[in-house]
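Shown next, in structure tokens, is the structure this report addresses.
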Amino acid sequence: MGAGHAHRLYRHGHSAVHGLPPHTKLAASFAFVVVVVSTPREAMWAFGLYAVLLAAVAHAARVPAPFLLKRLLIEVPFVAFAVLLPFVAQGERVDVLGLSLSVEGLWGAWNVLAKGTLGVAASVLLASTTELRELLLGLQRLRLPPLLVQIASFMIRYGDVIADEMRRMRIARESRGFEAKGVRHWGVLAKSAGALFIRSYERGERVHLAMVSRGYAGSMPVIDEVTASRAQWSYALTLPCAALVVCLLGWTL
Amino acid sequence: MHVPDGFINAPTSAVTGVVAAGAIAVSLRGARRELDERTAPLAGLVAAFIFAVQMLNFPVAAGTSGHLLGGALAAILVGPCTGVLCVSVVLLMQGILFADGGLTALGVNITDMAIVTTVVAYALFRGLVKVLPRTRRSVTVASFVAALVSVPAAALAFTLLYWIGGTTDVSIGKVATAMVGVHVLIGIGEAAITALTVGAVIAVRPDLVYGARGLQRKLRLRVNGELVDAPSGAPSGGAPAPAPAAARSHRTVWITGLVASLVLAGFVSFYASADPDGLEKVASDKGIDAKAEEHASADSPLADYGVKDITDARVSGGLAGVIGVGVTVVAGSAVFWAVRRRRGDDVSPSTTETAV
């Protein structure tokens, strides 16, 4: 049961960023996002610098720009919310192209858009340079409760299996002439979901028995302990440190 | 509803992060009690199930479709602690792998979507199952109501977080109205799907449904509608049954009313605390002309609810309250419908008399 399957977002590569230990990357991206979120929104140039920093990381990781930009589309629902903000926020108003917009709302929309986009870009970079198994090892290394890491690893391992099972059920439905058109067909779909739950749960029981028969006693053996040298830490933390400098400048200027 | 970075300010994010960490720690302990040492594989597989079922699209009408959020479903199927864990893990993985929801907003997302949804759904479900007659149908009805309320409850929790730590100064009444309005609709879909799914699981493997564990012992064997293995025999077994049913149905009405009003009070108290704040903000702003302009920009969908200029927040809050009442009425009538249906199903004539 190797978790060797790479997830869809991972881009295989051998760049310096790919080679970093996972927990340093996790810590670095989290610290970066924290710094970005605590930057004052009036310092617009700071966000430009953050974007430049991320672009530098993407370049070092050899992640092409179209790939990164395509992944940013996940943000779209909140962009819609951000676009509404200038219309509904309170306070002083300005006229732009005949529309009465709230100044506060414009700032808010900018705030959400800038910080949200930078956060999504940081996560996308993290996911595209780190393998799943590494990510889980990194989380374990960062002292996430082992049980939680185990649950996450089982979810990742069997996610594709369960999704495949769902796909097979869909094919079975469709080969019998079923086509979900509206609310009337929810019953059939919900029965599929129920069957999927039963299959997942029973598979979980089987997996547990298989693990017990191989000597599982509540904790997974750690095969490869990830460690990071001082140089690797400092290389990974270059990003949040540079961002912190920008943030401090943003507060003082 | 995945909150991105920069939506809620840093202190609130940190506090919700601590809340989420505490809740996860409690759930880790609770999940061991619910699943003992099978926790890791089972919770992992259930998390994978939730992840997969969120990809199952339910067509609504003409090209639009929705999907399940899964908090209420997880709570009912595997118990509240495991439910919190599974949804949290799904959110964690979505945040790290798919960039869906910000990393700093992880605390907000987990508090909102994993904890509030699951806990509200399970508490309501538990209460309803206790009150309702012990049948399969009432489990389905209880899961419907639980899922129905859990989604707007999460929306309200989000509104509360936004009120405390939102980065933009939007009238809280408007946020609440928009969020609750949209999520009542989403909640209806979620409720229907959750109830149908729970019903499907109960029909096949009732022992797997955590929320229905108490029901198994009460199943009795009937052949052609007659009790076979009842201790007091079939003919006498039919007669005493209606009396407790009738007695219970009065209690049902009262306790349902109590639960409903508690939910309502919970809803209303949010608005009660929110309204003066919105009013103060409106009052401290630049007088009437600013608000007239605000009223003029009524072409935005959110402004539909903000009807009058000065009492803007209050009216929209009131509307949101009306929506809350609507939810409660729907919930209450669903319960009554279930009780009536149950009485109608009963074969004994004395029950139908008391019912009518």
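By convention here, the chains of the structure tokens are called A, B, ... in the order presented, each chain's residues are numbered starting at 1, and ligands are numbered starting at 1 in the order presented.
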Sorted by chain and rising residue number, which residues of stretch 39-152 of chain B lie within 7 Å of stretch 193-216 of chain A, and what are their closest atom pairs and distances in Å to one decimal, counting only C-alpha atoms, as a tab-separated table?
```
residue	atom	partner	partner_atom	distance
B:Pro41	CA	A:Gly204	CA	5.4
B:Leu42	CA	A:Gly204	CA	4.7
B:Leu45	CA	A:Gly204	CA	5.6
B:Val46	CA	A:Ser200	CA	6.5
B:Phe49	CA	A:Phe197	CA	6.3
B:Val53	CA	A:Ala193	CA	6.7
```
Margin query: Within 6 Å of chain B, which residues belong to chain A? Use only C-alpha atoms and report them as a list in words.
Written below: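 Residues of chain A within 6 Å of chain B, counting only C-alpha atoms: Val37, Ala89, Gln90, Gly91, Gly108, Val112, Lys115, Gly116, Gly119, Val120, Ser123, Val124, Ala127, Gln150, Ile151, Ala152, Phe154, Met155, Gly159, Ala163, Lys181, Gly182, Val183, Ala190, Lys191, Gly194, Ser200, Gly204 and His208 of chain A.
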Next item on the list: Would you list the contacts of A:Ala122 as a ChimeraX atom specification, taking every protein, DNA or RNA residue within 9 Å and counting only C-alpha atoms, but skipping same-chain residues closer than 3 positions in sequence?
Entry: /A:29-30,32-33,54,117-119,125-127 /B:99
File of the preceding selection, N, CA and C atoms, as a PDB file, in the first residue's frame:
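Okay, result-v5.pdb is ready:
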```pdb
ATOM      1  N   SER A  29       5.745  28.434   4.242  1.00  0.00           N
ATOM      2  CA  SER A  29       4.556  28.998   3.586  1.00  0.00           C
ATOM      3  C   SER A  29       3.566  29.504   4.615  1.00  0.00           C
ATOM      4  N   PHE A  30       3.445  28.811   5.748  1.00  0.00           N
ATOM      5  CA  PHE A  30       2.524  29.306   6.772  1.00  0.00           C
ATOM      6  C   PHE A  30       2.988  30.669   7.293  1.00  0.00           C
ATOM      7  N   PHE A  32       4.839  32.800   5.788  1.00  0.00           N
ATOM      8  CA  PHE A  32       4.661  33.801   4.730  1.00  0.00           C
ATOM      9  C   PHE A  32       3.228  34.324   4.727  1.00  0.00           C
ATOM     10  N   VAL A  33       2.254  33.391   4.794  1.00  0.00           N
ATOM     11  CA  VAL A  33       0.853  33.813   4.740  1.00  0.00           C
ATOM     12  C   VAL A  33       0.496  34.655   5.963  1.00  0.00           C
ATOM     13  N   LEU A  54       6.961  35.626  -4.478  1.00  0.00           N
ATOM     14  CA  LEU A  54       6.375  34.339  -4.853  1.00  0.00           C
ATOM     15  C   LEU A  54       6.789  33.949  -6.257  1.00  0.00           C
ATOM     16  N   THR A 117      -5.379  36.099  -2.833  1.00  0.00           N
ATOM     17  CA  THR A 117      -4.635  35.601  -3.989  1.00  0.00           C
ATOM     18  C   THR A 117      -3.235  35.166  -3.580  1.00  0.00           C
ATOM     19  N   LEU A 118      -2.574  35.987  -2.742  1.00  0.00           N
ATOM     20  CA  LEU A 118      -1.220  35.615  -2.321  1.00  0.00           C
ATOM     21  C   LEU A 118      -1.253  34.315  -1.511  1.00  0.00           C
ATOM     22  N   GLY A 119      -2.266  34.182  -0.658  1.00  0.00           N
ATOM     23  CA  GLY A 119      -2.373  32.956   0.139  1.00  0.00           C
ATOM     24  C   GLY A 119      -2.581  31.739  -0.748  1.00  0.00           C
ATOM     25  N   LEU A 125       1.933  26.768  -4.653  1.00  0.00           N
ATOM     26  CA  LEU A 125       3.369  26.496  -4.796  1.00  0.00           C
ATOM     27  C   LEU A 125       3.784  25.362  -3.872  1.00  0.00           C
ATOM     28  N   LEU A 126       3.271  25.399  -2.649  1.00  0.00           N
ATOM     29  CA  LEU A 126       3.606  24.329  -1.696  1.00  0.00           C
ATOM     30  C   LEU A 126       3.155  22.984  -2.232  1.00  0.00           C
ATOM     31  N   ALA A 127       1.895  22.924  -2.704  1.00  0.00           N
ATOM     32  CA  ALA A 127       1.350  21.644  -3.153  1.00  0.00           C
ATOM     33  C   ALA A 127       2.027  21.167  -4.428  1.00  0.00           C
TER      34      ALA A 127
ATOM     35  N   ALA B  99      -5.440  24.383  -2.076  1.00  0.00           N
ATOM     36  CA  ALA B  99      -5.483  25.831  -1.878  1.00  0.00           C
ATOM     37  C   ALA B  99      -6.917  26.330  -1.726  1.00  0.00           C
TER      38      ALA B  99
END
```
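Atom to atom, atom CA of B:Gln54 and atom CA of B:Met113 stand 13.4 Å apart.
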From stretch 55-234 of chain A, collect each residue whose DSSP state is helix (DSSP H, G or I) and return the set as a compact mmCIF listing (two decimals) with N, CA and C atoms, in the first residue's frame.
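After the write, part.txt holds the following:
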```txt
# COMPACT_ATOMS: atom_id res chain seq x y z
N ALA A 55 6.86 34.94 -7.15
CA ALA A 55 7.28 34.65 -8.52
C ALA A 55 8.70 34.12 -8.52
N ALA A 56 9.55 34.69 -7.64
CA ALA A 56 10.93 34.20 -7.55
C ALA A 56 10.95 32.75 -7.10
N VAL A 57 10.09 32.43 -6.10
CA VAL A 57 10.02 31.04 -5.63
C VAL A 57 9.54 30.13 -6.75
N ALA A 58 8.52 30.57 -7.48
CA ALA A 58 8.00 29.77 -8.59
C ALA A 58 9.09 29.54 -9.63
N HIS A 59 9.89 30.58 -9.86
CA HIS A 59 10.97 30.43 -10.82
C HIS A 59 12.00 29.42 -10.32
N ALA A 60 12.34 29.52 -9.03
CA ALA A 60 13.32 28.59 -8.47
C ALA A 60 12.79 27.16 -8.52
N ALA A 65 4.30 29.73 -15.14
CA ALA A 65 3.28 30.70 -14.74
C ALA A 65 1.86 30.26 -15.11
N PRO A 66 1.63 29.71 -16.34
CA PRO A 66 0.24 29.32 -16.67
C PRO A 66 -0.33 28.30 -15.69
N PHE A 67 0.51 27.34 -15.25
CA PHE A 67 0.08 26.34 -14.27
C PHE A 67 -0.39 27.03 -12.99
N LEU A 68 0.45 27.94 -12.51
CA LEU A 68 0.14 28.65 -11.27
C LEU A 68 -1.14 29.46 -11.43
N LEU A 69 -1.26 30.18 -12.57
CA LEU A 69 -2.41 31.06 -12.75
C LEU A 69 -3.70 30.24 -12.87
N LYS A 70 -3.60 29.07 -13.51
CA LYS A 70 -4.79 28.24 -13.66
C LYS A 70 -5.29 27.77 -12.28
N ARG A 71 -4.32 27.43 -11.42
CA ARG A 71 -4.71 26.97 -10.09
C ARG A 71 -5.33 28.09 -9.26
N LEU A 72 -5.00 29.33 -9.60
CA LEU A 72 -5.54 30.44 -8.83
C LEU A 72 -7.05 30.59 -9.04
N LEU A 73 -7.58 29.93 -10.07
CA LEU A 73 -9.01 30.08 -10.36
C LEU A 73 -9.89 29.59 -9.23
N ILE A 74 -9.32 28.80 -8.33
CA ILE A 74 -10.11 28.27 -7.23
C ILE A 74 -10.71 29.39 -6.38
N GLU A 75 -10.10 30.56 -6.51
CA GLU A 75 -10.51 31.71 -5.72
C GLU A 75 -11.81 32.33 -6.19
N VAL A 76 -12.23 32.02 -7.40
CA VAL A 76 -13.30 32.77 -8.05
C VAL A 76 -14.53 33.07 -7.17
N PRO A 77 -15.05 32.09 -6.39
CA PRO A 77 -16.23 32.43 -5.59
C PRO A 77 -16.02 33.62 -4.66
N PHE A 78 -14.82 33.69 -4.10
CA PHE A 78 -14.61 34.80 -3.18
C PHE A 78 -14.32 36.10 -3.90
N VAL A 79 -13.83 36.01 -5.13
CA VAL A 79 -13.68 37.22 -5.93
C VAL A 79 -15.06 37.84 -6.14
N ALA A 80 -16.04 36.97 -6.38
CA ALA A 80 -17.40 37.47 -6.57
C ALA A 80 -17.86 38.22 -5.32
N PHE A 81 -17.55 37.65 -4.16
CA PHE A 81 -17.92 38.31 -2.90
C PHE A 81 -17.20 39.64 -2.78
N ALA A 82 -15.90 39.64 -3.13
CA ALA A 82 -15.11 40.85 -3.01
C ALA A 82 -15.66 41.95 -3.92
N VAL A 83 -16.15 41.56 -5.10
CA VAL A 83 -16.69 42.55 -6.03
C VAL A 83 -17.94 43.20 -5.43
N LEU A 84 -18.68 42.44 -4.63
CA LEU A 84 -19.89 43.00 -4.03
C LEU A 84 -19.58 44.01 -2.92
N LEU A 85 -18.42 43.84 -2.28
CA LEU A 85 -18.13 44.63 -1.08
C LEU A 85 -18.26 46.14 -1.30
N PRO A 86 -17.71 46.72 -2.38
CA PRO A 86 -17.82 48.17 -2.53
C PRO A 86 -19.26 48.65 -2.59
N PHE A 87 -20.20 47.78 -2.98
CA PHE A 87 -21.59 48.20 -3.08
C PHE A 87 -22.30 48.17 -1.74
N VAL A 88 -21.89 47.27 -0.88
CA VAL A 88 -22.67 47.10 0.35
C VAL A 88 -22.01 47.68 1.58
N VAL A 103 -15.83 53.72 -0.12
CA VAL A 103 -14.37 53.73 -0.05
C VAL A 103 -13.89 52.56 0.81
N GLU A 104 -14.55 52.42 1.94
CA GLU A 104 -14.22 51.32 2.85
C GLU A 104 -14.37 49.97 2.15
N GLY A 105 -15.46 49.87 1.36
CA GLY A 105 -15.70 48.62 0.65
C GLY A 105 -14.64 48.36 -0.40
N LEU A 106 -14.18 49.41 -1.07
CA LEU A 106 -13.13 49.24 -2.07
C LEU A 106 -11.86 48.74 -1.40
N TRP A 107 -11.52 49.37 -0.26
CA TRP A 107 -10.34 48.91 0.47
C TRP A 107 -10.51 47.46 0.91
N GLY A 108 -11.72 47.14 1.35
CA GLY A 108 -11.97 45.77 1.81
C GLY A 108 -11.83 44.77 0.68
N ALA A 109 -12.38 45.14 -0.49
CA ALA A 109 -12.29 44.25 -1.64
C ALA A 109 -10.83 44.05 -2.03
N TRP A 110 -10.08 45.13 -2.04
CA TRP A 110 -8.66 45.04 -2.36
C TRP A 110 -7.94 44.15 -1.36
N ASN A 111 -8.27 44.36 -0.09
CA ASN A 111 -7.65 43.58 0.98
C ASN A 111 -7.89 42.08 0.76
N VAL A 112 -9.16 41.72 0.53
CA VAL A 112 -9.50 40.31 0.37
C VAL A 112 -8.83 39.75 -0.88
N LEU A 113 -8.92 40.51 -1.97
CA LEU A 113 -8.36 40.01 -3.22
C LEU A 113 -6.86 39.81 -3.12
N ALA A 114 -6.15 40.84 -2.60
CA ALA A 114 -4.69 40.76 -2.58
C ALA A 114 -4.23 39.64 -1.65
N LYS A 115 -4.75 39.66 -0.41
CA LYS A 115 -4.27 38.67 0.56
C LYS A 115 -4.72 37.27 0.19
N GLY A 116 -5.97 37.16 -0.29
CA GLY A 116 -6.46 35.85 -0.68
C GLY A 116 -5.66 35.27 -1.83
N THR A 117 -5.38 36.10 -2.83
CA THR A 117 -4.64 35.60 -3.99
C THR A 117 -3.24 35.17 -3.58
N LEU A 118 -2.57 35.99 -2.74
CA LEU A 118 -1.22 35.61 -2.32
C LEU A 118 -1.25 34.32 -1.51
N GLY A 119 -2.27 34.18 -0.66
CA GLY A 119 -2.37 32.96 0.14
C GLY A 119 -2.58 31.74 -0.75
N VAL A 120 -3.49 31.86 -1.72
CA VAL A 120 -3.75 30.74 -2.62
C VAL A 120 -2.48 30.42 -3.40
N ALA A 121 -1.78 31.45 -3.87
CA ALA A 121 -0.57 31.21 -4.66
C ALA A 121 0.47 30.48 -3.81
N ALA A 122 0.60 30.87 -2.54
CA ALA A 122 1.57 30.20 -1.66
C ALA A 122 1.19 28.74 -1.49
N SER A 123 -0.11 28.45 -1.25
CA SER A 123 -0.52 27.05 -1.09
C SER A 123 -0.30 26.26 -2.36
N VAL A 124 -0.59 26.88 -3.50
CA VAL A 124 -0.42 26.16 -4.77
C VAL A 124 1.05 25.82 -4.96
N LEU A 125 1.93 26.77 -4.65
CA LEU A 125 3.37 26.50 -4.80
C LEU A 125 3.78 25.36 -3.87
N LEU A 126 3.27 25.40 -2.65
CA LEU A 126 3.61 24.33 -1.70
C LEU A 126 3.16 22.98 -2.23
N ALA A 127 1.90 22.92 -2.70
CA ALA A 127 1.35 21.64 -3.15
C ALA A 127 2.03 21.17 -4.43
N SER A 128 2.47 22.09 -5.27
CA SER A 128 3.03 21.64 -6.55
C SER A 128 4.49 21.24 -6.41
N THR A 129 5.11 21.52 -5.26
CA THR A 129 6.51 21.12 -5.11
C THR A 129 6.69 20.05 -4.04
N LEU A 132 2.68 14.10 -1.67
CA LEU A 132 1.73 13.86 -0.60
C LEU A 132 2.36 13.23 0.64
N ARG A 133 3.13 12.17 0.38
CA ARG A 133 3.69 11.44 1.50
C ARG A 133 4.62 12.34 2.31
N GLU A 134 5.37 13.14 1.56
CA GLU A 134 6.28 14.10 2.21
C GLU A 134 5.50 15.09 3.06
N LEU A 135 4.38 15.53 2.47
CA LEU A 135 3.56 16.52 3.17
C LEU A 135 3.10 15.96 4.51
N LEU A 136 2.67 14.69 4.48
CA LEU A 136 2.20 14.07 5.72
C LEU A 136 3.35 13.91 6.71
N LEU A 137 4.53 13.51 6.20
CA LEU A 137 5.69 13.40 7.08
C LEU A 137 6.00 14.76 7.69
N GLY A 138 5.90 15.80 6.85
CA GLY A 138 6.18 17.15 7.34
C GLY A 138 5.21 17.56 8.43
N LEU A 139 3.92 17.24 8.22
CA LEU A 139 2.92 17.57 9.23
C LEU A 139 3.23 16.85 10.54
N GLN A 140 3.65 15.57 10.40
CA GLN A 140 3.99 14.80 11.60
C GLN A 140 5.18 15.43 12.30
N ARG A 141 6.13 15.85 11.51
CA ARG A 141 7.34 16.47 12.04
C ARG A 141 7.02 17.78 12.76
N PRO A 146 -0.30 12.55 16.10
CA PRO A 146 -0.08 11.42 15.19
C PRO A 146 -1.38 10.81 14.67
N LEU A 147 -2.39 10.78 15.55
CA LEU A 147 -3.66 10.19 15.11
C LEU A 147 -4.25 10.99 13.95
N LEU A 148 -4.14 12.31 14.06
CA LEU A 148 -4.67 13.17 13.01
C LEU A 148 -3.92 12.93 11.71
N VAL A 149 -2.58 12.79 11.82
CA VAL A 149 -1.79 12.54 10.62
C VAL A 149 -2.17 11.19 10.03
N GLN A 150 -2.40 10.20 10.90
CA GLN A 150 -2.80 8.89 10.38
C GLN A 150 -4.13 8.98 9.65
N ILE A 151 -5.08 9.70 10.25
CA ILE A 151 -6.39 9.86 9.59
C ILE A 151 -6.20 10.52 8.25
N ALA A 152 -5.38 11.58 8.23
CA ALA A 152 -5.15 12.29 6.97
C ALA A 152 -4.50 11.37 5.95
N SER A 153 -3.55 10.53 6.42
CA SER A 153 -2.87 9.67 5.45
C SER A 153 -3.83 8.62 4.90
N PHE A 154 -4.71 8.11 5.77
CA PHE A 154 -5.69 7.15 5.25
C PHE A 154 -6.64 7.82 4.28
N MET A 155 -7.01 9.05 4.60
CA MET A 155 -7.91 9.75 3.70
C MET A 155 -7.25 9.94 2.33
N ILE A 156 -5.99 10.33 2.35
CA ILE A 156 -5.29 10.56 1.08
C ILE A 156 -5.13 9.24 0.32
N ARG A 157 -4.76 8.17 1.05
CA ARG A 157 -4.52 6.90 0.39
C ARG A 157 -5.77 6.36 -0.25
N TYR A 158 -6.88 6.46 0.47
CA TYR A 158 -8.09 5.83 -0.03
C TYR A 158 -9.01 6.80 -0.74
N GLY A 159 -8.61 8.08 -0.77
CA GLY A 159 -9.45 9.06 -1.46
C GLY A 159 -9.70 8.66 -2.90
N ASP A 160 -8.64 8.26 -3.58
CA ASP A 160 -8.79 7.88 -4.99
C ASP A 160 -9.60 6.60 -5.12
N VAL A 161 -9.40 5.67 -4.16
CA VAL A 161 -10.16 4.41 -4.23
C VAL A 161 -11.65 4.69 -4.10
N ILE A 162 -11.99 5.53 -3.12
CA ILE A 162 -13.41 5.84 -2.89
C ILE A 162 -13.97 6.62 -4.07
N ALA A 163 -13.19 7.56 -4.57
CA ALA A 163 -13.67 8.34 -5.72
C ALA A 163 -13.88 7.42 -6.92
N ASP A 164 -13.00 6.44 -7.08
CA ASP A 164 -13.15 5.48 -8.16
C ASP A 164 -14.41 4.65 -7.99
N GLU A 165 -14.66 4.28 -6.73
CA GLU A 165 -15.86 3.50 -6.45
C GLU A 165 -17.11 4.31 -6.84
N MET A 166 -17.04 5.60 -6.53
CA MET A 166 -18.16 6.47 -6.88
C MET A 166 -18.32 6.55 -8.39
N ARG A 167 -17.17 6.60 -9.08
CA ARG A 167 -17.21 6.67 -10.53
C ARG A 167 -17.83 5.40 -11.11
N ARG A 168 -17.46 4.25 -10.51
CA ARG A 168 -18.03 3.00 -11.01
C ARG A 168 -19.53 2.97 -10.80
N MET A 169 -19.97 3.50 -9.65
CA MET A 169 -21.42 3.53 -9.41
C MET A 169 -22.11 4.43 -10.42
N ARG A 170 -21.44 5.52 -10.77
CA ARG A 170 -22.04 6.43 -11.75
C ARG A 170 -22.16 5.74 -13.10
N ILE A 171 -21.09 4.99 -13.46
CA ILE A 171 -21.13 4.28 -14.75
C ILE A 171 -22.24 3.23 -14.72
N ALA A 172 -22.37 2.55 -13.56
CA ALA A 172 -23.43 1.55 -13.46
C ALA A 172 -24.80 2.19 -13.61
N ARG A 173 -24.96 3.37 -12.99
CA ARG A 173 -26.25 4.07 -13.12
C ARG A 173 -26.51 4.45 -14.56
N GLU A 174 -25.47 5.01 -15.17
CA GLU A 174 -25.68 5.53 -16.52
C GLU A 174 -25.89 4.40 -17.52
N SER A 175 -25.21 3.27 -17.29
CA SER A 175 -25.39 2.16 -18.23
C SER A 175 -26.78 1.56 -18.11
N VAL A 183 -34.34 17.56 -9.16
CA VAL A 183 -34.55 17.19 -7.77
C VAL A 183 -35.18 15.79 -7.66
N ARG A 184 -35.96 15.41 -8.68
CA ARG A 184 -36.64 14.12 -8.60
C ARG A 184 -35.66 12.96 -8.51
N HIS A 185 -34.45 13.17 -8.98
CA HIS A 185 -33.49 12.07 -9.01
C HIS A 185 -32.57 12.04 -7.81
N TRP A 186 -32.84 12.91 -6.85
CA TRP A 186 -31.95 12.95 -5.68
C TRP A 186 -31.97 11.65 -4.91
N GLY A 187 -33.15 11.01 -4.91
CA GLY A 187 -33.26 9.76 -4.15
C GLY A 187 -32.24 8.74 -4.62
N VAL A 188 -32.12 8.60 -5.93
CA VAL A 188 -31.18 7.62 -6.49
C VAL A 188 -29.76 8.00 -6.11
N LEU A 189 -29.43 9.28 -6.29
CA LEU A 189 -28.07 9.73 -5.98
C LEU A 189 -27.76 9.54 -4.50
N ALA A 190 -28.77 9.85 -3.66
CA ALA A 190 -28.53 9.70 -2.22
C ALA A 190 -28.35 8.24 -1.85
N LYS A 191 -29.07 7.35 -2.54
CA LYS A 191 -28.86 5.92 -2.28
C LYS A 191 -27.44 5.53 -2.67
N SER A 192 -26.95 6.10 -3.75
CA SER A 192 -25.56 5.83 -4.12
C SER A 192 -24.62 6.31 -3.03
N ALA A 193 -24.90 7.52 -2.52
CA ALA A 193 -24.04 8.06 -1.45
C ALA A 193 -24.09 7.15 -0.24
N GLY A 194 -25.29 6.64 0.09
CA GLY A 194 -25.41 5.73 1.22
C GLY A 194 -24.63 4.46 0.99
N ALA A 195 -24.74 3.90 -0.23
CA ALA A 195 -23.99 2.69 -0.54
C ALA A 195 -22.49 2.97 -0.46
N LEU A 196 -22.10 4.16 -0.92
CA LEU A 196 -20.68 4.54 -0.87
C LEU A 196 -20.20 4.59 0.57
N PHE A 197 -21.06 5.14 1.46
CA PHE A 197 -20.66 5.19 2.87
C PHE A 197 -20.47 3.79 3.42
N ILE A 198 -21.44 2.91 3.13
CA ILE A 198 -21.33 1.54 3.66
C ILE A 198 -20.07 0.87 3.15
N ARG A 199 -19.80 1.04 1.85
CA ARG A 199 -18.59 0.42 1.30
C ARG A 199 -17.34 1.01 1.93
N SER A 200 -17.32 2.34 2.13
CA SER A 200 -16.13 2.95 2.73
C SER A 200 -15.93 2.44 4.14
N TYR A 201 -17.04 2.39 4.89
CA TYR A 201 -16.93 1.98 6.29
C TYR A 201 -16.45 0.53 6.38
N GLU A 202 -17.04 -0.32 5.54
CA GLU A 202 -16.63 -1.73 5.57
C GLU A 202 -15.19 -1.89 5.12
N ARG A 203 -14.79 -1.08 4.14
CA ARG A 203 -13.40 -1.14 3.72
C ARG A 203 -12.49 -0.72 4.87
N GLY A 204 -12.95 0.30 5.64
CA GLY A 204 -12.17 0.73 6.79
C GLY A 204 -11.99 -0.40 7.78
N GLU A 205 -13.06 -1.15 8.01
CA GLU A 205 -12.96 -2.28 8.94
C GLU A 205 -11.98 -3.33 8.41
N ARG A 206 -12.06 -3.60 7.11
CA ARG A 206 -11.15 -4.59 6.53
C ARG A 206 -9.70 -4.12 6.64
N VAL A 207 -9.50 -2.82 6.34
CA VAL A 207 -8.14 -2.27 6.42
C VAL A 207 -7.62 -2.39 7.85
N HIS A 208 -8.49 -2.11 8.80
CA HIS A 208 -8.05 -2.21 10.19
C HIS A 208 -7.66 -3.64 10.53
N LEU A 209 -8.49 -4.61 10.12
CA LEU A 209 -8.16 -6.00 10.42
C LEU A 209 -6.84 -6.40 9.76
N ALA A 210 -6.66 -5.96 8.51
CA ALA A 210 -5.42 -6.28 7.81
C ALA A 210 -4.23 -5.68 8.54
N MET A 211 -4.42 -4.47 9.06
CA MET A 211 -3.31 -3.82 9.77
C MET A 211 -3.02 -4.53 11.08
N VAL A 212 -4.10 -4.92 11.78
CA VAL A 212 -3.91 -5.60 13.06
C VAL A 212 -3.17 -6.92 12.84
N SER A 213 -3.54 -7.62 11.77
CA SER A 213 -2.89 -8.90 11.51
C SER A 213 -1.43 -8.71 11.13
N ARG A 230 20.58 23.04 9.17
CA ARG A 230 20.44 24.48 9.40
C ARG A 230 20.39 25.23 8.07
N ALA A 231 21.20 24.77 7.11
CA ALA A 231 21.22 25.45 5.81
C ALA A 231 19.87 25.35 5.12
N GLN A 232 19.24 24.16 5.22
CA GLN A 232 17.95 23.99 4.57
C GLN A 232 16.88 24.86 5.23
N TRP A 233 16.93 24.91 6.56
CA TRP A 233 15.98 25.79 7.27
C TRP A 233 16.15 27.22 6.82
N SER A 234 17.41 27.67 6.79
CA SER A 234 17.61 29.09 6.47
C SER A 234 17.23 29.36 5.02
```
Next item on the list: Could you tell me how far atom CA of A:His14 lies from atom CA of A:Arg143, in Å and to one decimal?
Entry: 26.9 Å
Next item on the list: Taking the chain letters and numbering used in this document, name the residues of stretch 61-248 of chain A that DSSP puts in strand (DSSP E or B), as a list of chain:residue names.
Entry: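 Filtering stretch 61-248 of chain A down to strand (DSSP E or B) leaves A:Ala89, A:Arg93, A:Val94, A:Asp95, A:Val96, A:Leu99, A:Ser100, A:Leu101, A:Ser102.
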Those residues you just picked out, can you put them in a file as a short mmCIF file (atom, residue, chain, number, x, y, z; two decimals), in the first residue's frame with N, CA and C atoms?
```
data_model
loop_
_atom_site.label_atom_id
_atom_site.label_comp_id
_atom_site.auth_asym_id
_atom_site.auth_seq_id
_atom_site.Cartn_x
_atom_site.Cartn_y
_atom_site.Cartn_z
N ALA A 89 -20.72 47.99 1.52
CA ALA A 89 -20.05 48.49 2.72
C ALA A 89 -20.53 49.90 3.04
N ARG A 93 -18.46 57.58 0.44
CA ARG A 93 -18.67 56.97 -0.88
C ARG A 93 -18.04 57.82 -1.97
N VAL A 94 -17.59 57.17 -3.02
CA VAL A 94 -17.05 57.89 -4.17
C VAL A 94 -17.81 57.43 -5.41
N ASP A 95 -17.79 58.30 -6.44
CA ASP A 95 -18.44 57.93 -7.69
C ASP A 95 -17.40 57.45 -8.69
N VAL A 96 -17.54 56.21 -9.11
CA VAL A 96 -16.65 55.66 -10.13
C VAL A 96 -17.52 55.20 -11.28
N LEU A 99 -21.15 54.81 -10.71
CA LEU A 99 -21.61 53.94 -9.63
C LEU A 99 -21.15 54.53 -8.31
N SER A 100 -22.02 54.49 -7.34
CA SER A 100 -21.64 54.98 -6.03
C SER A 100 -21.03 53.83 -5.24
N LEU A 101 -19.74 53.95 -4.96
CA LEU A 101 -19.04 52.87 -4.28
C LEU A 101 -18.54 53.35 -2.93
N SER A 102 -18.48 52.43 -2.00
CA SER A 102 -17.98 52.77 -0.67
C SER A 102 -16.46 52.69 -0.67
#
```
Checklist line | Using only C-alpha atoms: which of A:Pro64, A:Gly218, A:Pro145, A:Pro240 has the shortest distance to A:Gly13 | finding: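 Under the stated criterion, the closest residue is A:Pro64.
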Note to self: One number please: atom CA of B:Pro80 to atom CA of A:Leu26, in Å, one decimal.
What the structure shows: 29.3 Å
Next item on the list: Within 8 Å of stretch 153-157 of chain B, counting only C-alpha atoms, which residues show up once you throw out same-chain ones fewer than 5 positions away? Write them as a PyMOL selection string, please.
Entry: chain B and resi 112-113+116-117+120+176+179-180+183
